[in-house]
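> Take a look at the following structure, please.
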Amino acid sequence: MKKIIALVLSLVLCLSLLTACGGDSAAETTAPAQNAQTEGEAAPAETAAAADIKVGFIFLHDENSTYDLNFMNAAEEACKSLGLTEDQYIFRTNIPEGQECYDAACELVDAGCTVVFADSFGHEDYMIQAAKEFPEVQFCHATGTKAHTQGLSNYHNAFASIYEGRYLAGVAAGLKLNEMIEAGEFTAEEAKMGYVGAFTYAEVISGYTSFYLGAKSVCPTVTMEVTFTGSWYDETAEKEAANKLISNGCKLISQHADSMGAPTACETAGVPNVSYNGSTIAACPNTFIVSSRINWAPYYTYVINAVLAGEEIPADYTGTIADGSVVLTEVNEAAAAAGTAEKLEEVKAGLLDGSIHVFDTTTFTVEGAPVESYLADVDTDPDYTPDTEAVSDGYFHESEFRSAPYFDLKIDGISLLDTAF
Amino acid sequence: MSKQNNAPLIQISKRRELPWYGPIAIRAAAIVLALAACAVVTTAFTGENPLEIYHTMWTGAFGTPRKTWILFQNIAILLCVSLAVTPAFIMRFWNIGAEGQMLIGGLATAACMILLGDKLPNPVLIGIMLLAALAAGGLWGAIPAVCKARWNTNETLFTLMMNYVATQLVAFFVIVWEVPKGAGKIGIINQTTEAGWLPQIGSYKYLLNILIVAVLTAAMYVYLTRSKQGYEIAVVGQSQRTARYVGIKVGRVIVRTMILSGALCGLAGFLLVAGTDHTITTTIAGGRGFTAVMVSWLANFNPINMILTSFLLVFLERGAGEIATNFGLNHSFGDIITGIILFFIIGSEFFIRYQLRLRKNAGKEA
């Protein structure tokens, strides 16, 4: 008898809680609309709007990940420079790439945010879900690929022409190889670099290819080996991958993954390293040469200003060297070849004035033949259907048809060790 | 004198039956002490006002209708897995493979959604998905159970290892179905057609999941306390010899119960993939398979109590997330608070079962 009473009571409890939730939900749907209205009204007077706006940020991890830290620093910088107070921007950290991202985005809207940013590739579909539900709120997603085909006016992608940054980093690598060849450490034919990548995804392929082409532009005999870890953050796997490349005879290592695994392996082995996401000089004073990274602050500033002014945000935004989105850290004179900084300035000027194109089709071949035409998979679909001609005017047009990279040619001189991922 | 010194200062002895309010009072005291300890830690390490921290935890769980819904959705999934592992635990079969059983159920669900997405009407598709999830989870539970029943293999290791097999299988299929190529992510399945998505009741996204688990809770309570099979499970758990003596086929009970346990884990995976996330990743179970062990034990294997224990754990988790957001503290701080509270609550169980007595005339000696 007692047990039956317990059972009945628990069911009553469950149901009463549910109805309690249900009652409140009706009010919930109207709240975002009101927010949008106040935002719309305030838009003409910019100073008034700046005091009203609330901005939400969703991060995959927290400040312990170099990738997210790079976003968090930029977000804080942009908000502060726009004069937003601390209760006008909300950071949600450690949001996995699942329903939690949708929930977090909606909670930010509930909290009054009229623009929500997310930083990880896997957040994309959940941001789209939220964007469909709240048409008055702007949803901006970094590294995604679907905004230009989704047809939602409030959902946007962003990336930067980081391939140009990696090309510059590659030039620094090539100069270092040249210096080592001249010092007689190895012959020009033995100049081989190693690269630790996360996945066999276009973003990574575009990254290592531009890095390799940068090195090749100053050290023509260079070759490269690439290995993949199958994770964006796996310190052990990245360390092991770097060690494997070093034991294969690679004279210099770079990486596109987010832990300190590869840089620390290089420091231990005394092999020069070209880093990513930010300087690793503190942990690797003897081997760190230079690092490229995306600075997201210009993008954040641009979007928040556009929301304040009530302007349209394009489906795709590609930051560049010119607007300060693609940056290099200071060159570490202790490890880099002499004259690296000067050479980098020179190449950077070439990239800016258009006299140098990273994917210049005269500088690389695929299976021995130059590339004259290539259909890239720009519109994301489950069958990976190639859809857009990307080669014209003598170079591959990267990040022009959408912001996220789509260069996925496997060029000569680069050998892939394992492509399981 | 020396004789007296041999007796320990503090004696631990088993308690006799406590009055009904005894355990409640002890647990309440534990929570008060836990909050006090958290307050000291909070002020010492962060300088924040502990009362504000507690208030923030509360808003994190119940601050808006949406937050309340998310809280109950998370409780539903955790409770579902906890209910699933409970029959096995009562049988003294240490199923710590719930994580893998969930994953494999989720994988089966996702496979149906991807492969049959446009080919079948939605109700049929959902039916097939559900059956596939139950079957896959059941199979993942049955394999270690059969080996236990036949060859008396160690079920703890076996179920644990099955988790890794499931994770690797999911990793493999993620690469088979990834979009775009090489990305290592499937993304939301059938985002435009919504084929295979569980229907939404009115405007309440998570209501269906919550209702399913509420019914399951009641059913599990009846199954464990009122059914013949539930009784057999209890007897096998108490003593396999007794079970054999009274004519229970122990091997059969083990396999049957583990199929049930695995299938219900598979159901949890189904609810996650078809009901909310609409994708499959290696981390979708999110450690719930292991948290469920704690939920089940803390509740003394009683499904009704599990509502409270799963509520407690989800409440702490959601509250911890809110602390990180509002105070700009790292998530680890929320975890510290959660750890302290759990320490006191689990510790209080000791005082419910045992009592401490100081050595007699200890005072005199001093």
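In the structure tokens, chains take letters A, B, ... by order of appearance, with residues numbered from 1 within each chain and ligands from 1 in the order shown.
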Find the residues in chain B near chain A: any atom within 7 Å counts, using only C-alpha atoms. Write them as a PyMOL selection string.
chain B and resi 65+68-69+175+179-185+187-188+218+276-277+304+325
> Taking the chain letters and numbering used in this document, name the residues of region 23-206 of chain A that DSSP puts in strand (DSSP E), as a list in words.
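Here is the list: Val55, Gly56, Phe57, Ile58, Tyr89, Ile90, Phe91, Arg92, Val115, Val116, Phe117, Ala118, Gln138, Phe139, Cys140, His141, Ala142, Tyr155, His156, Asn157, Ala158, Phe159, Ala160, Lys192, Met193, Gly194, Tyr195, Val196 and Gly197 of chain A.
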> Enter the distance from CA of Thr320 (chain A) to CA of Ser373 (chain A), in Å, rounded to one decimal.
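One can read the CA of Thr320 (chain A) to CA of Ser373 (chain A) distance as 24.9 Å.
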> Each residue of region 69-138 of chain B lying at most 10 Å from region 235-254 of chain B should get a row with its shortest atom-to-atom pair and the distance in Å to one decimal, counting only C-alpha atoms; could you produce that, ordered by chain and increasing number, as a tab-separated table?

```
residue	atom	partner	partner_atom	distance
B:Pro87	CA	B:Gly237	CA	9.6
B:Ala88	CA	B:Ile254	CA	7.9
B:Phe89	CA	B:Gly237	CA	8.0
B:Ile90	CA	B:Gly237	CA	5.7
B:Met91	CA	B:Gly237	CA	3.8
B:Arg92	CA	B:Gly237	CA	4.9
B:Phe93	CA	B:Gly237	CA	7.8
```
> Would you mind listing what lies within 9 Å of region 51-64 of chain B as a count of residues only, with only C-alpha atoms counted and same-chain residues fewer than 6 positions away left out?
21
> May I have the residues within 10 Å of Asn295 (chain A) as a list in words, using only C-alpha atoms and disregarding those fewer than 4 positions away in the same chain?
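Everything that qualifies: Asn70, Phe71, Asn73, Ala74, Ala75, Ala160, Ile162, Asn277, Gly278, Tyr299, Tyr300, Gly319, Thr320, Ile321, Asp323, Gly324, Ser325, Val326, Val327 and Leu328 of chain A.
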> Just to confirm, what's the straight-line distance from CA of Pro303 (chain B) to CA of Thr217 (chain B) in Å (one decimal)?
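Rounded to one decimal, the two atoms are 6.1 Å apart.
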> Would you please give, as a PyMOL selection string, all residues of region 36-235 of chain A that DSSP assigns to alpha helix (DSSP H) based on the backbone?
chain A and resi 36-42+46-52+66-81+99-110+124-133+147-150+162-182+202-218+235
> CA of Thr143 (chain A) and CA of Pro405 (chain A) are how many Å apart?
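Answer for the CA of Thr143 (chain A) to CA of Pro405 (chain A) separation: 8.6 Å.
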